[in-house]
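Beneath this line is the structure, given in structure tokens, with notes to follow.
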Amino acid sequence: MSLHDLAVIGAGPAGLAASVAAAQAGLSVVLLDAADRPGGQYYRHAASENPNDLLRLRHLVDYRPGHRVWTVEPGFTIHALVGERESKPVETEAKALVIAAGAHDRSLPFPGWDLPGVMTAGGAQALLKGNRVNLGRRVVVAGTGPFLLPVATGLAAAGVDVAAVYEANRPVGLVAARSGALLGSAGKVAEAARYGAALVRHRIPYRWGHAVIAAHGSDSVEAVSVARLDRDWYPVPGSERIVECDALAVGYGFTPQLELPLQLGCATRIDSDGSQVVAVDAAQRTSVPGVFAAGETTGVAGVQAARAEGELAGLAAAAMYPAGAPSAAGKIVGVERRAQGPRILPDNLHDRRVGGVRGLLARRGRGRRFAAMLHEVFAVREGWASWVRDDTLVCRCEEVPYRDVVAAVELGAGDLRSVKLFSRVGMGWCQGRVCGYATACLTAGLAGGSPDTASLGARAIAQPVRLGTLAGNDEKENT
Ligand SMILES: Cc1cc2nc3c(=O)[nH]c(=O)nc-3n(C[C@H](O)[C@H](O)[C@H](O)COP(=O)(O)OP(=O)(O)OC[C@H]3O[C@@H](n4cnc5c(N)ncnc54)[C@H](O)[C@@H]3O)c2cc1C
């Protein structure tokens, strides 16, 4: 098995930037990604939007698409599944690791959310971008966050009748009150204005302070109930109305994907949006020597911050684990704390690239500040739990209704892990990725305390694996 200087997991904006930066600094880099094409969520199948990293990628990096990493052993041996139905196990070794596994949609349960035709906002966009498949003929887009805008305008541009966008928060006044965070983010403001213009052009109503609180239909969604919300997201009595549609795209932000860093024992923190994220220092180092993290894994902050973090991680890895050095190489060469953060390049690169590093640190800082503002403006507020009824499924994989969560708490379960053991919530195929956040909030609402959003991500197996693979019966390939 060949030993690479650096393995990068995830070929989204962060992983691409990390791979290219590290390879250009002289490391042998292997880049593994579960998807068939590079680009992650943002550049999904739109390679022309990010030509530089993608063009450089194939010349510089050992890029391996279709590799679903299910576990990483300290040291680091990376185990992935490839091939038809992802059935063939492969192993790869590297001296250092960058985890850039991104995030997934954050879902909240409501009556009818399990009907065919109800989909996450990210799922709707992926269908459109990746497969050019429209979710329906008349679609409602709902939830919270700026991501609803590209989803709605993308659907409209593809010829879908978008009935309305229902934003549960009231962003305009809130954003204006935090205008300081907009300084240095002119690009984001311009992007928002472009989406606003597209909504007008496509005649899509944008209703803030409203949410879809139920979906209705026999075999698939035929209509939704929309209610006006108070500031805490409790429906205003008498405001409910029915909107006909044949599909609903709904999203409440994103949840970082933490299975691999948690496996390795990386320390985490709770971000301003309530998500558990990997804790990193200024050089994107995690608490585990040799493991760096970048992009949404360290907090949801958008594509620019993800790229800056990826590049910083790649440069830091090259500085700490130079080509040919043993994996315990240890310390950053030429670290110097300054107001804008540490210099993280080796001395021989430092003079030429320090301006670039400053720029990266500044871009990351701007992205994080802007994200913190968005997290506050587009927070998930407690009143959503009042939309849930006794028979509303909280966990769709194991078909666990809300009343079973209530029963678990009444039996003494006071945290998410105990509720899982009592009720089977989070024990199905998705392993709590879909229902974990919501169940943590519901449990806290019933039992008291703050939501324990952290406890479902830690597991020895990050992705579904066949028993034959686990037992070592499947033919293994070392690469
Ligand atoms: C569904 C969705 C849609 C989004 N759409 C937009 C948008 O339209 N506009 C926008 O500005 N922002 C969008 N975002 C936010 C966007 O994710 C970020 O701004 C940016 O893409 C983050 O880059 P990243 O590299 O951190 O993660 P990602 O782009 O998510 O890339 C992570 C990569 O890691 C890979 N991966 C994850 N786990 C494994 C594993 N175990 N093994 C192998 N590979 C793995 C994935 O296949 C993926 O390619 C979206 C986010 C999500 C979740």
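Order determines the names: the first chain of the structure tokens is A, the second B, and so forth; residues in each chain are numbered 1 upward, and ligands are numbered 1 upward as they are shown.
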Near-ligand residues for ligand 1, threshold 7 Å, only C-alpha atoms and all ligand atoms, as a PyMOL selection string: chain A and resi 9-15+32-35+38-43+67-70+100-105+122-123+125-126+147+150+254+257+294-297+301-303+306+462-463
Spatial neighbours of Gly299 (chain A), max dist 7 Å, only C-alpha atoms, sep filter under 6 positions, as number ranges by chain: A: 256, 271, 277
Residues near Ala227 (chain A), anyone? I mean within 12 Å using only C-alpha atoms, not counting same-chain ones fewer than 2 positions away, as an MDAnalysis selection string. chainID A and resid 142 166:168 207:215 224:225 229:230 233:243 384 387
As a count of residues only, please: every residue in region 41-229 of chain A that DSSP puts in strand (DSSP E). 62
Pairwise distance for CA of Ala247 (chain A) and CA of Gly117 (chain A), rounded to one decimal in Å: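 Separating CA of Ala247 (chain A) from CA of Gly117 (chain A) is a distance of 4.6 Å.
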As number ranges by chain, please: the residues near region 418-421 of chain A (cut-off 12 Å, only C-alpha atoms, same-chain neighbours under 2 positions excluded). A: 394-395, 398, 400, 402-416, 423-428, 431-432, 435-436, 439-444, 446-447, 452, 455-456
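The closest residue to His202 (chain A), picked from A:Glu376, A:Asp391, A:Glu309, A:Asp161 and counting only C-alpha atoms, is A:Asp161.
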Between CA of Leu135 (chain A) and CA of Ser218 (chain A) - distance in Å to one decimal: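 So the two atoms, CA of Ser218 (chain A) and CA of Leu135 (chain A), lie 17.7 Å apart.
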If you run DSSP on the backbone, which residues of region 228-476 of chain A are helix (DSSP H, G or I), as a PyMOL selection string? chain A and resi 259-264+295-298+303-320+347-377+382-387+402-410+416-423+436-447+467-470
Pairwise distance for CA of Gly145 (chain A) and CA of Gly253 (chain A), rounded to one decimal in Å: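 Atom-to-atom, CA of Gly145 (chain A) to CA of Gly253 (chain A), that is 6.1 Å.
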Among the residues A:Gly143, A:Pro451, A:Gly217, A:Gly365, the one that comes closest to Gln276 (chain A) [using only C-alpha atoms]: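 Checking each candidate against Gln276 (chain A), we get A:Pro451 as the closest.
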Please provide the set of residues having any atom within 12 Å of Glu73 (chain A), restricted to only C-alpha atoms, with same-chain residues fewer than 6 positions apart removed, written as a compact mmCIF listing (two decimals) with N, CA, C and O atoms, in the first residue's frame.
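Dumped to result-v9.txt:
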```txt
# COMPACT_ATOMS: atom_id res chain seq x y z
N HIS A 79 -10.49 3.64 5.24
CA HIS A 79 -11.27 2.54 4.66
C HIS A 79 -12.44 3.12 3.88
O HIS A 79 -13.25 3.86 4.43
N ALA A 80 -12.52 2.73 2.60
CA ALA A 80 -13.61 3.24 1.77
C ALA A 80 -14.27 2.09 1.03
O ALA A 80 -13.72 0.98 0.94
N GLU A 91 -8.37 0.23 0.97
CA GLU A 91 -7.66 0.91 2.06
C GLU A 91 -6.60 1.83 1.48
O GLU A 91 -5.97 1.50 0.48
N THR A 92 -6.42 2.98 2.10
CA THR A 92 -5.40 3.94 1.68
C THR A 92 -4.71 4.46 2.93
O THR A 92 -5.37 4.65 3.95
N GLU A 93 -3.39 4.70 2.83
CA GLU A 93 -2.68 5.21 4.00
C GLU A 93 -2.13 6.60 3.75
O GLU A 93 -1.72 6.91 2.62
N ALA A 94 -2.12 7.42 4.79
CA ALA A 94 -1.57 8.77 4.66
C ALA A 94 -0.99 9.22 5.99
O ALA A 94 -1.42 8.76 7.05
N LYS A 95 -0.02 10.14 5.90
CA LYS A 95 0.61 10.64 7.13
C LYS A 95 -0.25 11.68 7.83
O LYS A 95 -0.17 11.86 9.04
N ALA A 96 -1.02 12.40 7.06
CA ALA A 96 -1.89 13.44 7.63
C ALA A 96 -3.22 13.43 6.88
O ALA A 96 -3.33 12.85 5.80
N LEU A 97 -4.18 14.10 7.50
CA LEU A 97 -5.55 14.00 7.00
C LEU A 97 -6.24 15.36 7.05
O LEU A 97 -6.11 16.08 8.04
N LEU A 260 -16.73 11.12 10.87
CA LEU A 260 -15.30 10.76 10.80
C LEU A 260 -14.47 11.49 11.86
O LEU A 260 -13.70 10.85 12.57
N PRO A 261 -14.61 12.82 12.01
CA PRO A 261 -13.84 13.46 13.08
C PRO A 261 -14.19 12.94 14.48
O PRO A 261 -13.30 12.81 15.34
N LEU A 262 -15.46 12.60 14.69
CA LEU A 262 -15.81 12.06 16.02
C LEU A 262 -15.18 10.70 16.23
O LEU A 262 -14.71 10.37 17.32
N GLN A 263 -15.14 9.88 15.16
CA GLN A 263 -14.46 8.58 15.26
C GLN A 263 -13.02 8.74 15.73
O GLN A 263 -12.52 7.96 16.52
N LEU A 264 -12.37 9.76 15.19
CA LEU A 264 -10.94 9.96 15.48
C LEU A 264 -10.72 10.66 16.82
O LEU A 264 -9.59 10.82 17.26
N GLY A 265 -11.80 11.11 17.45
CA GLY A 265 -11.69 11.75 18.77
C GLY A 265 -11.44 13.24 18.71
O GLY A 265 -10.96 13.83 19.68
N VAL A 291 -4.56 15.65 12.10
CA VAL A 291 -5.91 15.77 11.51
C VAL A 291 -6.31 17.24 11.42
O VAL A 291 -6.33 17.95 12.43
N ALA A 460 -18.81 4.07 15.45
CA ALA A 460 -17.59 3.48 14.88
C ALA A 460 -17.66 3.37 13.37
O ALA A 460 -16.64 3.31 12.70
N ILE A 461 -18.87 3.35 12.84
CA ILE A 461 -19.03 3.18 11.40
C ILE A 461 -19.76 4.40 10.85
O ILE A 461 -20.90 4.66 11.22
```
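Nearest-residue note for Val278 (chain A): choosing from A:Ile99, A:Leu467, A:Ala319, A:Ala121, the minimum distance belongs to A:Ile99, counting only C-alpha atoms.
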Counting only C-alpha atoms, closest pick from A:Ala164, A:Val139, A:Leu312, A:Val250 relative to Phe110 (chain A) is A:Val250
List the spatial neighbours of Val61 (chain A) as an MDAnalysis selection string - criterion: any atom at most 7 Å away, only C-alpha atoms, same-chain residues fewer than 2 positions off excluded. chainID A and resid 19 23 29:31 57:59 63
Hey, can you spit out that residue selection with all heavy atoms as a PDB file, in the first residue's frame?
```
ATOM      1  N   SER A  19      -6.576  20.198  -1.257  1.00  0.00           N
ATOM      2  CA  SER A  19      -5.778  19.267  -2.067  1.00  0.00           C
ATOM      3  C   SER A  19      -4.822  20.017  -2.973  1.00  0.00           C
ATOM      4  O   SER A  19      -3.636  19.684  -3.061  1.00  0.00           O
ATOM      5  CB  SER A  19      -6.702  18.402  -2.942  1.00  0.00           C
ATOM      6  OG  SER A  19      -7.626  17.733  -2.138  1.00  0.00           O
ATOM      7  N   ALA A  23      -0.784  19.992  -2.671  1.00  0.00           N
ATOM      8  CA  ALA A  23      -0.035  19.399  -3.784  1.00  0.00           C
ATOM      9  C   ALA A  23       0.920  20.425  -4.385  1.00  0.00           C
ATOM     10  O   ALA A  23       2.068  20.097  -4.709  1.00  0.00           O
ATOM     11  CB  ALA A  23      -1.003  18.879  -4.846  1.00  0.00           C
ATOM     12  N   VAL A  29      -0.785  13.915  -2.622  1.00  0.00           N
ATOM     13  CA  VAL A  29      -2.132  14.055  -2.039  1.00  0.00           C
ATOM     14  C   VAL A  29      -3.084  13.054  -2.687  1.00  0.00           C
ATOM     15  O   VAL A  29      -3.141  12.944  -3.911  1.00  0.00           O
ATOM     16  CB  VAL A  29      -2.677  15.482  -2.262  1.00  0.00           C
ATOM     17  CG1 VAL A  29      -4.080  15.622  -1.691  1.00  0.00           C
ATOM     18  CG2 VAL A  29      -1.747  16.518  -1.647  1.00  0.00           C
ATOM     19  N   VAL A  30      -3.834  12.340  -1.842  1.00  0.00           N
ATOM     20  CA  VAL A  30      -4.937  11.522  -2.343  1.00  0.00           C
ATOM     21  C   VAL A  30      -6.235  12.176  -1.869  1.00  0.00           C
ATOM     22  O   VAL A  30      -6.355  12.568  -0.707  1.00  0.00           O
ATOM     23  CB  VAL A  30      -4.823  10.048  -1.889  1.00  0.00           C
ATOM     24  CG1 VAL A  30      -4.793   9.925  -0.368  1.00  0.00           C
ATOM     25  CG2 VAL A  30      -5.947   9.209  -2.470  1.00  0.00           C
ATOM     26  N   LEU A  31      -7.166  12.334  -2.797  1.00  0.00           N
ATOM     27  CA  LEU A  31      -8.443  12.998  -2.487  1.00  0.00           C
ATOM     28  C   LEU A  31      -9.575  11.999  -2.726  1.00  0.00           C
ATOM     29  O   LEU A  31      -9.772  11.526  -3.847  1.00  0.00           O
ATOM     30  CB  LEU A  31      -8.612  14.221  -3.391  1.00  0.00           C
ATOM     31  CG  LEU A  31      -9.986  14.896  -3.435  1.00  0.00           C
ATOM     32  CD1 LEU A  31     -10.376  15.425  -2.064  1.00  0.00           C
ATOM     33  CD2 LEU A  31      -9.975  16.054  -4.443  1.00  0.00           C
ATOM     34  N   LEU A  57      -6.755  19.969 -10.422  1.00  0.00           N
ATOM     35  CA  LEU A  57      -6.942  18.760  -9.623  1.00  0.00           C
ATOM     36  C   LEU A  57      -6.319  17.523 -10.260  1.00  0.00           C
ATOM     37  O   LEU A  57      -5.520  16.828  -9.658  1.00  0.00           O
ATOM     38  CB  LEU A  57      -8.447  18.557  -9.423  1.00  0.00           C
ATOM     39  CG  LEU A  57      -8.868  17.366  -8.615  1.00  0.00           C
ATOM     40  CD1 LEU A  57      -8.431  17.560  -7.175  1.00  0.00           C
ATOM     41  CD2 LEU A  57     -10.386  17.202  -8.671  1.00  0.00           C
ATOM     42  N   ARG A  58      -6.697  17.257 -11.497  1.00  0.00           N
ATOM     43  CA  ARG A  58      -6.300  15.982 -12.096  1.00  0.00           C
ATOM     44  C   ARG A  58      -4.803  15.909 -12.349  1.00  0.00           C
ATOM     45  O   ARG A  58      -4.231  14.830 -12.384  1.00  0.00           O
ATOM     46  CB  ARG A  58      -7.082  15.737 -13.379  1.00  0.00           C
ATOM     47  CG  ARG A  58      -8.524  15.422 -13.058  1.00  0.00           C
ATOM     48  CD  ARG A  58      -9.360  15.203 -14.275  1.00  0.00           C
ATOM     49  NE  ARG A  58     -10.754  15.503 -13.969  1.00  0.00           N
ATOM     50  CZ  ARG A  58     -11.603  14.648 -13.423  1.00  0.00           C
ATOM     51  NH1 ARG A  58     -11.225  13.441 -13.119  1.00  0.00           N
ATOM     52  NH2 ARG A  58     -12.845  15.002 -13.176  1.00  0.00           N
ATOM     53  N   HIS A  59      -4.144  17.077 -12.543  1.00  0.00           N
ATOM     54  CA  HIS A  59      -2.706  17.047 -12.781  1.00  0.00           C
ATOM     55  C   HIS A  59      -1.918  16.860 -11.500  1.00  0.00           C
ATOM     56  O   HIS A  59      -0.839  16.317 -11.499  1.00  0.00           O
ATOM     57  CB  HIS A  59      -2.263  18.357 -13.442  1.00  0.00           C
ATOM     58  CG  HIS A  59      -2.966  18.592 -14.749  1.00  0.00           C
ATOM     59  ND1 HIS A  59      -2.782  17.773 -15.831  1.00  0.00           N
ATOM     60  CD2 HIS A  59      -3.868  19.516 -15.110  1.00  0.00           C
ATOM     61  CE1 HIS A  59      -3.540  18.205 -16.826  1.00  0.00           C
ATOM     62  NE2 HIS A  59      -4.217  19.248 -16.403  1.00  0.00           N
ATOM     63  N   TYR A  63      -6.885  11.811  -7.440  1.00  0.00           N
ATOM     64  CA  TYR A  63      -8.306  12.043  -7.126  1.00  0.00           C
ATOM     65  C   TYR A  63      -9.101  10.748  -7.319  1.00  0.00           C
ATOM     66  O   TYR A  63      -9.046  10.129  -8.370  1.00  0.00           O
ATOM     67  CB  TYR A  63      -8.841  13.151  -8.037  1.00  0.00           C
ATOM     68  CG  TYR A  63     -10.348  13.233  -8.098  1.00  0.00           C
ATOM     69  CD1 TYR A  63     -11.113  13.360  -6.947  1.00  0.00           C
ATOM     70  CD2 TYR A  63     -11.003  13.192  -9.326  1.00  0.00           C
ATOM     71  CE1 TYR A  63     -12.490  13.432  -7.010  1.00  0.00           C
ATOM     72  CE2 TYR A  63     -12.382  13.272  -9.410  1.00  0.00           C
ATOM     73  CZ  TYR A  63     -13.123  13.383  -8.241  1.00  0.00           C
ATOM     74  OH  TYR A  63     -14.485  13.451  -8.314  1.00  0.00           O
TER      75      TYR A  63
END
```
